[in-house]
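File shown: input19.txt (compact mmCIF, C-alpha atoms and all ligand atoms).
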# COMPACT_ATOMS: atom_id res chain seq x y z
CA MET A 1 37.64 13.13 12.29
CA ASP A 2 37.34 11.20 8.99
CA SER A 3 33.93 11.33 7.43
CA ALA A 4 31.77 8.25 7.04
CA ILE A 5 29.18 10.09 4.93
CA GLU A 6 29.42 13.07 2.57
CA VAL A 7 26.29 14.60 1.08
CA ALA A 8 26.30 17.61 -1.26
CA ASP A 9 23.45 19.45 -2.95
CA LEU A 10 21.11 16.45 -2.77
CA ARG A 11 17.79 16.86 -4.58
CA LYS A 12 14.61 14.89 -5.15
CA THR A 13 11.30 15.84 -6.71
CA PHE A 14 8.41 13.37 -6.75
CA ARG A 15 6.13 13.57 -9.77
CA PRO A 16 2.84 11.85 -8.91
CA ARG A 17 0.58 11.12 -11.91
CA ASN A 18 -2.47 13.11 -10.93
CA ALA A 19 -0.99 15.72 -8.63
CA PRO A 20 1.53 18.53 -8.86
CA PRO A 21 5.23 17.68 -8.34
CA VAL A 22 6.57 17.65 -4.78
CA GLU A 23 10.07 19.04 -4.24
CA ALA A 24 10.84 16.82 -1.25
CA VAL A 25 14.59 17.55 -0.95
CA ARG A 26 15.96 20.85 -2.23
CA GLY A 27 19.75 20.93 -2.08
CA VAL A 28 20.78 19.24 1.15
CA GLY A 29 24.43 18.93 2.21
CA PHE A 30 26.29 17.72 5.31
CA SER A 31 28.97 15.29 6.38
CA VAL A 32 28.90 12.73 9.17
CA GLY A 33 32.10 11.83 10.98
CA GLU A 34 33.17 8.25 11.70
CA GLY A 35 31.57 7.14 14.98
CA GLU A 36 29.33 10.20 15.13
CA PHE A 37 25.67 10.07 16.18
CA PHE A 38 23.99 12.34 13.62
CA GLY A 39 20.33 13.32 13.66
CA ILE A 40 17.97 14.76 11.07
CA LEU A 41 15.19 16.48 12.97
CA GLY A 42 12.10 17.90 11.35
CA PRO A 43 8.30 17.88 11.33
CA ASN A 44 6.19 15.54 9.18
CA GLY A 45 6.85 15.99 5.49
CA ALA A 46 10.15 17.85 6.01
CA GLY A 47 12.00 15.45 3.68
CA LYS A 48 13.87 13.38 6.28
CA THR A 49 12.95 9.93 4.99
CA THR A 50 13.56 10.90 1.37
CA THR A 51 17.02 12.21 2.31
CA LEU A 52 17.81 9.07 4.30
CA GLU A 53 16.66 6.74 1.53
CA MET A 54 18.90 8.47 -1.01
CA ILE A 55 21.87 8.04 1.36
CA GLU A 56 20.99 4.39 1.99
CA GLY A 57 20.86 3.73 -1.75
CA ILE A 58 17.14 2.86 -1.74
CA LEU A 59 16.10 5.89 -3.80
CA GLU A 60 17.87 7.45 -6.77
CA PRO A 61 18.63 11.17 -6.29
CA ASP A 62 17.68 13.67 -9.02
CA GLY A 63 20.83 15.63 -8.32
CA GLY A 64 23.75 16.07 -5.97
CA ARG A 65 26.36 13.68 -4.61
CA VAL A 66 26.40 11.10 -1.83
CA ALA A 67 29.35 9.08 -0.58
CA VAL A 68 28.99 6.48 2.16
CA LEU A 69 32.31 5.05 3.36
CA GLY A 70 33.83 6.63 0.26
CA ARG A 71 31.41 4.97 -2.20
CA SER A 72 28.32 6.08 -4.05
CA PRO A 73 25.29 4.16 -2.71
CA TRP A 74 23.51 4.37 -6.08
CA PRO A 75 23.47 2.09 -8.02
CA HIS A 76 23.65 -0.64 -5.37
CA SER A 77 26.98 -2.21 -4.60
CA ALA A 78 27.07 -5.44 -2.61
CA GLU A 79 30.33 -4.34 -1.05
CA LEU A 80 28.77 -1.23 0.46
CA THR A 81 25.52 -2.98 1.44
CA SER A 82 27.49 -5.39 3.60
CA ARG A 83 29.01 -2.49 5.55
CA ILE A 84 25.79 -0.59 6.34
CA GLY A 85 22.74 -1.52 8.40
CA VAL A 86 19.30 -0.20 7.56
CA GLN A 87 16.53 -0.45 10.12
CA LEU A 88 13.47 -2.06 8.60
CA GLN A 89 9.97 -0.77 9.05
CA THR A 90 8.52 -3.15 11.63
CA ASN A 91 5.87 -4.41 9.22
CA ALA A 92 8.58 -5.64 6.82
CA PHE A 93 9.45 -8.84 8.72
CA PHE A 94 9.23 -12.19 6.96
CA GLU A 95 5.81 -13.62 7.75
CA PHE A 96 5.21 -16.48 10.21
CA LEU A 97 8.81 -16.60 11.47
CA THR A 98 9.95 -16.60 15.06
CA VAL A 99 12.44 -13.98 16.26
CA THR A 100 15.33 -16.45 15.94
CA GLU A 101 14.24 -17.63 12.50
CA GLN A 102 13.97 -14.03 11.29
CA LEU A 103 17.47 -13.21 12.51
CA ARG A 104 18.91 -16.49 11.22
CA THR A 105 17.59 -15.64 7.77
CA TYR A 106 19.29 -12.24 7.92
CA ALA A 107 22.51 -13.79 9.25
CA GLN A 108 22.57 -16.12 6.24
CA LEU A 109 21.92 -13.23 3.84
CA TYR A 110 24.87 -11.35 5.36
CA GLY A 111 27.11 -14.43 5.46
CA GLN A 112 27.30 -14.28 9.25
CA PRO A 113 27.82 -17.37 11.43
CA GLU A 114 24.90 -18.85 13.41
CA GLU A 115 26.40 -17.58 16.72
CA ARG A 116 25.79 -14.01 15.60
CA VAL A 117 22.04 -14.51 16.17
CA GLU A 118 22.48 -15.21 19.91
CA GLU A 119 24.94 -12.34 20.22
CA ILE A 120 22.50 -9.85 18.69
CA LEU A 121 19.52 -11.17 20.65
CA ASP A 122 21.50 -10.37 23.76
CA VAL A 123 22.49 -6.87 22.55
CA VAL A 124 18.89 -5.85 21.85
CA GLY A 125 17.47 -7.64 24.91
CA LEU A 126 15.24 -10.11 23.05
CA SER A 127 16.80 -13.41 24.20
CA GLU A 128 13.72 -14.30 26.26
CA HIS A 129 11.47 -13.80 23.24
CA ARG A 130 13.54 -15.80 20.78
CA ARG A 131 10.79 -18.38 20.15
CA GLN A 132 7.99 -15.86 19.77
CA ARG A 133 6.46 -15.17 16.35
CA CYS A 134 7.43 -11.67 15.13
CA GLU A 135 3.84 -10.49 14.76
CA LYS A 136 3.13 -11.41 18.42
CA LEU A 137 5.80 -9.03 19.76
CA SER A 138 4.89 -5.69 21.35
CA GLY A 139 5.63 -2.46 19.48
CA GLY A 140 8.83 -1.88 21.43
CA GLN A 141 9.99 -5.46 20.91
CA GLN A 142 9.32 -5.20 17.16
CA GLN A 143 11.40 -2.00 17.03
CA ARG A 144 14.20 -3.88 18.82
CA LEU A 145 13.95 -6.72 16.34
CA SER A 146 14.15 -4.30 13.42
CA ILE A 147 17.32 -2.87 14.96
CA ALA A 148 18.67 -6.40 15.47
CA CYS A 149 18.14 -7.03 11.71
CA ALA A 150 20.09 -3.83 10.96
CA LEU A 151 22.97 -4.95 13.21
CA ILE A 152 23.26 -8.57 12.18
CA GLY A 153 25.83 -7.86 9.45
CA ASP A 154 28.09 -6.01 11.94
CA PRO A 155 27.72 -2.70 10.03
CA GLU A 156 30.02 0.31 10.30
CA VAL A 157 27.13 2.71 9.62
CA VAL A 158 23.59 2.25 10.99
CA PHE A 159 20.58 4.12 9.56
CA LEU A 160 17.46 4.51 11.71
CA ASP A 161 14.24 6.07 10.42
CA GLU A 162 12.18 7.26 13.40
CA PRO A 163 13.16 4.26 15.55
CA THR A 164 11.00 5.23 18.52
CA SER A 165 7.80 6.38 16.83
CA ALA A 166 4.77 4.70 18.39
CA LEU A 167 6.65 3.74 21.57
CA ASP A 168 5.47 4.73 25.03
CA PRO A 169 7.82 7.03 27.00
CA GLN A 170 9.45 4.22 29.02
CA ALA A 171 10.05 2.03 25.94
CA ARG A 172 11.46 5.12 24.18
CA ARG A 173 13.96 5.71 27.02
CA ASN A 174 15.01 2.04 26.90
CA MET A 175 15.50 2.33 23.16
CA TRP A 176 17.67 5.43 23.63
CA GLU A 177 19.93 3.47 25.99
CA LEU A 178 20.21 0.69 23.41
CA LEU A 179 21.05 3.12 20.60
CA ARG A 180 23.73 4.78 22.75
CA LYS A 181 25.27 1.40 23.44
CA ILE A 182 25.37 0.56 19.73
CA ASN A 183 27.01 3.93 18.99
CA ALA A 184 29.53 3.39 21.81
CA GLU A 185 30.72 0.27 19.96
CA GLY A 186 32.18 2.68 17.43
CA ARG A 187 29.40 2.56 14.82
CA THR A 188 28.36 5.70 12.96
CA MET A 189 24.64 6.35 13.52
CA VAL A 190 22.26 8.39 11.38
CA LEU A 191 18.77 8.85 12.74
CA THR A 192 15.69 10.74 11.67
CA THR A 193 13.23 11.87 14.29
CA HIS A 194 10.51 14.36 15.00
CA TYR A 195 11.13 14.18 18.75
CA MET A 196 13.19 17.15 19.94
CA GLU A 197 14.07 15.40 23.17
CA GLU A 198 15.36 12.36 21.30
CA ALA A 199 17.67 14.48 19.14
CA GLU A 200 18.86 16.37 22.21
CA PHE A 201 19.54 13.19 24.17
CA LEU A 202 21.21 11.08 21.48
CA CYS A 203 22.84 13.18 18.82
CA ASP A 204 26.32 14.67 18.66
CA ARG A 205 25.04 16.94 15.90
CA VAL A 206 21.59 17.67 14.57
CA ALA A 207 20.42 18.99 11.20
CA ILE A 208 17.10 20.79 11.52
CA MET A 209 15.14 20.19 8.33
CA ASP A 210 11.98 21.80 7.05
CA SER A 211 10.40 21.94 3.56
CA GLY A 212 13.26 20.00 1.96
CA ARG A 213 16.07 22.16 3.32
CA ILE A 214 18.49 22.11 6.25
CA LEU A 215 17.96 25.30 8.21
CA ALA A 216 20.49 24.78 11.01
CA LEU A 217 23.18 22.22 11.81
CA ASP A 218 25.30 21.91 14.94
CA SER A 219 25.46 20.16 18.29
CA PRO A 220 22.20 20.58 20.24
CA ALA A 221 24.02 22.64 22.89
CA SER A 222 25.56 25.00 20.29
CA LEU A 223 22.25 25.42 18.46
CA VAL A 224 20.58 26.45 21.70
CA ALA A 225 23.51 28.64 22.84
CA GLY A 226 23.49 30.40 19.45
CA LEU A 227 19.95 31.57 20.09
CA ASP A 228 20.79 33.70 23.09
CA ALA A 229 17.21 33.09 24.23
CA PRO A 230 15.79 34.20 27.58
CA THR A 231 14.96 31.87 30.47
CA HIS A 232 11.33 31.36 31.53
CA ILE A 233 10.51 31.15 35.24
CA LYS A 234 7.03 30.18 36.32
CA VAL A 235 5.48 30.34 39.82
CA GLY A 236 2.00 30.15 41.32
CA ALA A 237 0.28 33.54 40.82
CA HIS A 238 -1.44 33.61 44.23
CA GLN A 239 1.90 34.30 45.93
CA LEU A 240 2.45 37.69 44.28
CA SER A 241 0.47 40.93 44.19
CA ASP A 242 0.07 42.80 40.90
CA ALA A 243 2.55 45.41 42.13
CA GLN A 244 5.13 42.72 42.91
CA VAL A 245 4.67 41.11 39.48
CA GLU A 246 5.18 44.48 37.84
CA ASP A 247 8.26 45.11 39.95
CA LEU A 248 9.78 41.70 39.12
CA THR A 249 9.06 41.80 35.39
CA ASP A 250 12.24 41.96 33.31
CA LEU A 251 11.62 41.15 29.61
CA GLY A 252 8.03 40.07 29.78
CA VAL A 253 5.39 38.27 31.77
CA GLN A 254 2.47 35.98 30.99
CA ARG A 255 -0.38 34.90 33.24
CA GLU A 256 -2.08 31.59 32.58
CA ASN A 257 -4.17 29.12 34.63
CA GLY A 258 -3.18 30.53 37.98
CA THR A 259 0.50 30.85 37.13
CA VAL A 260 2.70 33.76 36.28
CA GLU A 261 5.63 33.22 33.91
CA PHE A 262 8.52 35.68 33.75
CA GLU A 263 10.95 35.95 30.86
CA THR A 264 14.42 37.04 31.92
CA ARG A 265 18.07 37.19 30.92
CA ASP A 266 19.20 37.14 34.54
CA PRO A 267 17.51 34.07 36.05
CA GLN A 268 19.74 34.04 39.09
CA ALA A 269 18.74 37.54 40.22
CA LEU A 270 15.05 36.85 39.58
CA LEU A 271 15.17 33.59 41.56
CA VAL A 272 16.74 35.39 44.54
CA ARG A 273 14.02 38.06 44.46
CA LEU A 274 11.26 35.46 44.17
CA ALA A 275 12.75 33.62 47.15
CA GLU A 276 12.82 36.88 49.13
CA ALA A 277 9.14 37.41 48.26
CA GLY A 278 8.40 33.85 49.48
CA ALA A 279 7.02 33.02 46.04
CA LEU A 280 8.78 29.79 45.01
CA GLU A 281 5.73 27.50 45.21
CA GLY A 282 5.15 25.71 41.89
CA LEU A 283 8.53 26.92 40.59
CA ALA A 284 9.42 25.78 37.06
CA VAL A 285 12.46 27.01 35.16
CA ARG A 286 12.72 26.48 31.42
CA THR A 287 15.85 27.35 29.48
CA ALA A 288 15.82 27.43 25.67
CA ASN A 289 15.72 24.06 23.86
CA LEU A 290 15.62 22.81 20.25
CA GLU A 291 11.97 23.86 20.06
CA ASP A 292 13.09 27.47 20.39
CA VAL A 293 15.78 26.85 17.75
CA PHE A 294 13.08 25.58 15.37
CA LEU A 295 10.94 28.62 16.07
CA GLY A 296 14.00 30.81 15.52
CA VAL A 297 14.85 29.34 12.10
CA THR A 298 11.33 28.82 10.72
CA GLY A 299 9.24 31.43 12.54
CA ARG A 300 6.79 28.59 13.31
CA GLU A 301 5.96 26.80 16.55
CA TRP A 302 7.06 23.15 16.67
CA ARG A 303 4.29 20.56 16.70
CA ASP A 304 4.99 16.86 17.34
N1 LIG B 1 6.72 8.44 -3.26
C1 LIG B 1 6.28 9.70 -3.10
N2 LIG B 1 5.47 10.27 -4.02
C2 LIG B 1 5.02 11.54 -3.88
N3 LIG B 1 5.34 12.33 -2.83
C3 LIG B 1 6.13 11.82 -1.88
C4 LIG B 1 6.64 10.48 -1.96
N4 LIG B 1 7.41 10.25 -0.87
C5 LIG B 1 7.38 11.39 -0.14
N5 LIG B 1 6.62 12.33 -0.75
C6 LIG B 1 6.39 13.73 -0.28
O1 LIG B 1 7.65 14.33 -0.08
C7 LIG B 1 7.64 15.15 1.08
C8 LIG B 1 8.72 14.69 2.05
O2 LIG B 1 8.38 13.40 2.53
P1 LIG B 1 9.29 12.60 3.55
O3 LIG B 1 8.62 11.28 3.81
O4 LIG B 1 10.68 12.57 3.09
O5 LIG B 1 9.19 13.50 4.87
P2 LIG B 1 9.55 13.16 6.35
O6 LIG B 1 10.26 14.35 6.89
O7 LIG B 1 10.25 11.86 6.45
O8 LIG B 1 8.13 13.07 7.04
P3 LIG B 1 7.54 11.99 8.06
O9 LIG B 1 8.08 12.36 9.39
O10 LIG B 1 6.06 12.24 7.94
O11 LIG B 1 7.96 10.64 7.58
C9 LIG B 1 6.25 15.07 1.65
O12 LIG B 1 5.50 16.16 1.15
C10 LIG B 1 5.71 13.76 1.08
O13 LIG B 1 4.31 13.80 0.96

Kindly return the structure encoded in the file as structure tokens.
Amino acid sequence: MDSAIEVADLRKTFRPRNAPPVEAVRGVGFSVGEGEFFGILGPNGAGKTTTLEMIEGILEPDGGRVAVLGRSPWPHSAELTSRIGVQLQTNAFFEFLTVTEQLRTYAQLYGQPEERVEEILDVVGLSEHRRQRCEKLSGGQQQRLSIACALIGDPEVVFLDEPTSALDPQARRNMWELLRKINAEGRTMVLTTHYMEEAEFLCDRVAIMDSGRILALDSPASLVAGLDAPTHIKVGAHQLSDAQVEDLTDLGVQRENGTVEFETRDPQALLVRLAEAGALEGLAVRTANLEDVFLGVTGREWRD
């Protein structure tokens, strides 16, 4: 796969006037293949936005190299700008414009024909709201409009900074479907998120970032498989005597709020024995996920 983005040893330190310097990005490197859906996952303050802005050409790096479609994004080149799409923060819309007027303005800036506006309204599912003023849209609709602005120039690479923050779970799912569709058109996607589930659902590969560094990078499935973590099986505690719990315990057991949770490396055998004991009520099985990967690489619990 040819790469759309190459990043090597990227660094940025902020030097606020009345506060100590903040080393936001401390030597980050990765490449993103053409057509890949790439995610940067990390908690608040990990350095995701700073990294993204240096790749987009919004922020000048202190050190390291970035190439997007074979070109350096800093200083700005109009040629590169026309080939990338950057999702706007939703509060960055032109004031007092309707959805159509907003998109028409962007279409003109990108030298796109008028028809492109209708096309994009359809892609992001905002056709019905075309005459609505931007500030009157719901949170989810505003996020869709910001993605429409990023797509209007028909970009090869699309950058999304936490595109589903502040959305309710249903709107988030709808947004995931939209982002998948955009990626399926052959566009390279780079997304930052602090939602594990989002990274797991959307991304071909994920870089886990914390304190300005990338601590792990692979497909979500490989990151989880690499952990070799046990499976957790939970059932209602009232179904088992203490002796039975002791007998069934493999790696460990935890009791909480009327449940008993076993940790095991042989979930199949444990499930059979629980079935034999007639103790499957309230059954919940949890295999390892990216949360466990984060714990594994940082030693800290993940908090959204
Ligand atoms: N302009 C700035 N001046 C000073 N410090 C900054 C500036 N921008 C970011 N930082 C600091 O750099 C660090 C990384 O910030 P960044 O916004 O890149 O993190 P993030 O992973 O995107 O977090 P979030 O999910 O909260 O947006 C944080 O400690 C932040 O406070």

Practice problem: Find, counting all atoms listed in the file, the residue in A:Val22, A:Leu179, A:Val7, A:Leu202 that gets nearest to Val68 (chain A). | Solution: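 For Val68 (chain A), the nearest of the given residues is A:Val7.
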
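The space between CA of Gly258 (chain A) and CA of Val224 (chain A) spans 29.1 Å.
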
Practice problem: Let me have all residues with an atom within 9 Å of ligand LIG 1 (chain B), counting all atoms listed in the file, laid out as a PyMOL selection string. | Solution: chain A and resi 12-16+19+21-25+40-53+161-162+192-194+209-212

If you count only C-alpha atoms, which residues fall within 8 Å of region 86-102 of chain A, apart from same-chain ones fewer than 4 positions away, as a compact mmCIF listing (two decimals) with C-alpha atoms, in the coordinates of the input?
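And here is the file that came out, around_0.txt:
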# COMPACT_ATOMS: atom_id res chain seq x y z
CA GLU A 56 20.99 4.39 1.99
CA TYR A 106 19.29 -12.24 7.92
CA VAL A 117 22.04 -14.51 16.17
CA HIS A 129 11.47 -13.80 23.24
CA ARG A 130 13.54 -15.80 20.78
CA ARG A 131 10.79 -18.38 20.15
CA GLN A 132 7.99 -15.86 19.77
CA ARG A 133 6.46 -15.17 16.35
CA CYS A 134 7.43 -11.67 15.13
CA GLU A 135 3.84 -10.49 14.76
CA GLN A 142 9.32 -5.20 17.16
CA GLN A 143 11.40 -2.00 17.03
CA LEU A 145 13.95 -6.72 16.34
CA SER A 146 14.15 -4.30 13.42
CA ILE A 147 17.32 -2.87 14.96
CA CYS A 149 18.14 -7.03 11.71
CA ALA A 150 20.09 -3.83 10.96
CA VAL A 158 23.59 2.25 10.99
CA PHE A 159 20.58 4.12 9.56
CA LEU A 160 17.46 4.51 11.71
CA ASP A 161 14.24 6.07 10.42
CA PRO A 163 13.16 4.26 15.55

Quiz item: Looking at only C-alpha atoms, which of A:Asp2, A:Asp292, A:Asp122, A:Asp242 is the one that sits closest to Thr188 (chain A)?
Solution: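 Comparing A:Asp2, A:Asp292, A:Asp122, A:Asp242 against Thr188 (chain A), the winner is A:Asp2.
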
Exercise. Neighbourhood query: residues within 8 Å of (12.0, 29.2, 37.9), file coordinates, counting all atoms listed in the file; return as a list in words.
Key: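 Residues found, by chain and rising number: His232, Ile233, Lys234, Val235, Pro267, Leu271, Leu280, Leu283, Ala284, Val285 and Arg286 of chain A.
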
Given 4 Å of margin on each side, can you work out the centre and size in Å (one decimal) of an axis-aligned box holding every listed atom of region 21-27 of chain A, as JSON?
{"center_x": 12.5, "center_y": 18.9, "center_z": -4.6, "size_x": 22.5, "size_y": 12.1, "size_z": 15.4}

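Atom pair CA of Leu290 (chain A) / CA of Arg26 (chain A) has a distance of 22.6 Å (rounded to one decimal).
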
Practice problem: Give me, please, the distance in Å between CA of Ala199 (chain A) and CA of Gly39 (chain A), quoted to one decimal. | Solution: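 It comes out at 6.2 Å.
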
Quiz item: So, counting all atoms listed in the file, which residue among A:Asp168, A:Val190, A:Ala107, A:Ile58 is closest to Gly139 (chain A)?
Solution: A:Asp168

Self-check item: Non-local contacts of Glu198 (chain A) (9 Å; only C-alpha atoms; under 2 positions in same chain excluded) as a PyMOL selection string
Solution: chain A and resi 164+172-173+176+193-196+200-203

Could you take the residues named above and write them with C-alpha atoms, as a compact mmCIF listing (two decimals), in the coordinates of the input?
# COMPACT_ATOMS: atom_id res chain seq x y z
CA THR A 164 11.00 5.23 18.52
CA ARG A 172 11.46 5.12 24.18
CA ARG A 173 13.96 5.71 27.02
CA TRP A 176 17.67 5.43 23.63
CA THR A 193 13.23 11.87 14.29
CA HIS A 194 10.51 14.36 15.00
CA TYR A 195 11.13 14.18 18.75
CA MET A 196 13.19 17.15 19.94
CA GLU A 200 18.86 16.37 22.21
CA PHE A 201 19.54 13.19 24.17
CA LEU A 202 21.21 11.08 21.48
CA CYS A 203 22.84 13.18 18.82

Quiz prompt | Counting all atoms listed in the file, the residue of A:Asp228, A:Glu156, A:Glu256, A:Glu281 that sits nearest Gly85 (chain A) | solution = A:Glu156

Quiz item: Quick one: of A:Leu215, A:Thr231, A:Pro75, A:Phe262, who's nearest to Glu246 (chain A), counting only C-alpha atoms?
Solution: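 Answer, going by the shortest atom-to-atom distance: A:Phe262.
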
Quiz item: Looking at all atoms listed in the file, which of A:Ala8, A:Val32, A:Ala288, A:Ala78 is the one that sits closest to Gly226 (chain A)?
Solution: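 Counting all atoms listed in the file, the residue closest to Gly226 (chain A) is A:Ala288.
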
Self-check item: Test item: residues at most 10 Å from Leu240 (chain A), all atoms listed in the file, excluding those fewer than 5 positions along its chain, as a ChimeraX atom specification
Solution: /A:235,245-246,248,260,274,277-279

Can you pull region 232-300 of chain A out of that block with C-alpha atoms and hand it back as an mmCIF file, in the first residue's frame?
data_model
loop_
_atom_site.group_PDB
_atom_site.id
_atom_site.type_symbol
_atom_site.label_atom_id
_atom_site.label_comp_id
_atom_site.auth_asym_id
_atom_site.auth_seq_id
_atom_site.Cartn_x
_atom_site.Cartn_y
_atom_site.Cartn_z
ATOM 1 C CA HIS A 232 -14.245 -12.293 32.253
ATOM 2 C CA ILE A 233 -17.467 -14.226 32.859
ATOM 3 C CA LYS A 234 -20.075 -12.802 35.185
ATOM 4 C CA VAL A 235 -23.204 -14.503 36.596
ATOM 5 C CA GLY A 236 -25.703 -13.834 39.372
ATOM 6 C CA ALA A 237 -24.114 -14.855 42.711
ATOM 7 C CA HIS A 238 -27.285 -16.372 44.212
ATOM 8 C CA GLN A 239 -26.984 -19.369 41.873
ATOM 9 C CA LEU A 240 -23.700 -20.630 43.322
ATOM 10 C CA SER A 241 -22.597 -21.718 46.798
ATOM 11 C CA ASP A 242 -19.229 -20.553 48.149
ATOM 12 C CA ALA A 243 -17.850 -24.057 47.598
ATOM 13 C CA GLN A 244 -18.976 -24.028 43.962
ATOM 14 C CA VAL A 245 -17.403 -20.594 43.374
ATOM 15 C CA GLU A 246 -14.155 -21.841 44.852
ATOM 16 C CA ASP A 247 -14.295 -24.952 42.709
ATOM 17 C CA LEU A 248 -14.960 -22.966 39.501
ATOM 18 C CA THR A 249 -12.341 -20.285 40.106
ATOM 19 C CA ASP A 250 -9.527 -20.420 37.552
ATOM 20 C CA LEU A 251 -7.379 -17.237 37.549
ATOM 21 C CA GLY A 252 -9.390 -15.107 39.896
ATOM 22 C CA VAL A 253 -12.842 -14.131 41.071
ATOM 23 C CA GLN A 254 -14.544 -10.921 42.163
ATOM 24 C CA ARG A 255 -17.867 -10.476 43.918
ATOM 25 C CA GLU A 256 -19.778 -7.248 43.430
ATOM 26 C CA ASN A 257 -23.422 -6.136 43.778
ATOM 27 C CA GLY A 258 -24.839 -9.630 43.808
ATOM 28 C CA THR A 259 -22.692 -10.884 40.954
ATOM 29 C CA VAL A 260 -19.670 -13.098 40.784
ATOM 30 C CA GLU A 261 -17.108 -12.503 38.029
ATOM 31 C CA PHE A 262 -14.606 -15.193 37.050
ATOM 32 C CA GLU A 263 -11.385 -14.538 35.163
ATOM 33 C CA THR A 264 -10.349 -17.428 32.951
ATOM 34 C CA ARG A 265 -8.187 -18.467 30.017
ATOM 35 C CA ASP A 266 -10.548 -21.293 29.104
ATOM 36 C CA PRO A 267 -13.970 -19.623 28.771
ATOM 37 C CA GLN A 268 -15.484 -22.572 26.954
ATOM 38 C CA ALA A 269 -14.813 -25.036 29.782
ATOM 39 C CA LEU A 270 -16.032 -22.578 32.419
ATOM 40 C CA LEU A 271 -19.259 -21.896 30.496
ATOM 41 C CA VAL A 272 -19.972 -25.639 30.271
ATOM 42 C CA ARG A 273 -19.450 -26.048 34.021
ATOM 43 C CA LEU A 274 -21.642 -23.037 34.808
ATOM 44 C CA ALA A 275 -24.359 -24.500 32.580
ATOM 45 C CA GLU A 276 -24.070 -27.838 34.402
ATOM 46 C CA ALA A 277 -24.456 -25.982 37.714
ATOM 47 C CA GLY A 278 -27.569 -24.248 36.316
ATOM 48 C CA ALA A 279 -25.921 -20.890 36.938
ATOM 49 C CA LEU A 280 -26.250 -18.991 33.643
ATOM 50 C CA GLU A 281 -28.737 -16.369 34.847
ATOM 51 C CA GLY A 282 -27.398 -12.839 34.269
ATOM 52 C CA LEU A 283 -24.534 -14.225 32.155
ATOM 53 C CA ALA A 284 -22.159 -11.603 30.728
ATOM 54 C CA VAL A 285 -18.946 -12.459 28.905
ATOM 55 C CA ARG A 286 -16.300 -9.815 28.338
ATOM 56 C CA THR A 287 -13.227 -10.458 26.229
ATOM 57 C CA ALA A 288 -10.308 -8.017 26.245
ATOM 58 C CA ASN A 289 -10.790 -4.704 24.396
ATOM 59 C CA LEU A 290 -8.773 -1.534 23.719
ATOM 60 C CA GLU A 291 -9.379 -0.459 27.314
ATOM 61 C CA ASP A 292 -7.264 -3.403 28.444
ATOM 62 C CA VAL A 293 -4.626 -2.475 25.848
ATOM 63 C CA PHE A 294 -4.490 1.044 27.319
ATOM 64 C CA LEU A 295 -4.141 -0.356 30.818
ATOM 65 C CA GLY A 296 -1.435 -2.700 29.533
ATOM 66 C CA VAL A 297 0.677 0.065 27.955
ATOM 67 C CA THR A 298 0.170 2.829 30.540
ATOM 68 C CA GLY A 299 -0.558 0.947 33.759
ATOM 69 C CA ARG A 300 -3.571 3.275 34.173
#
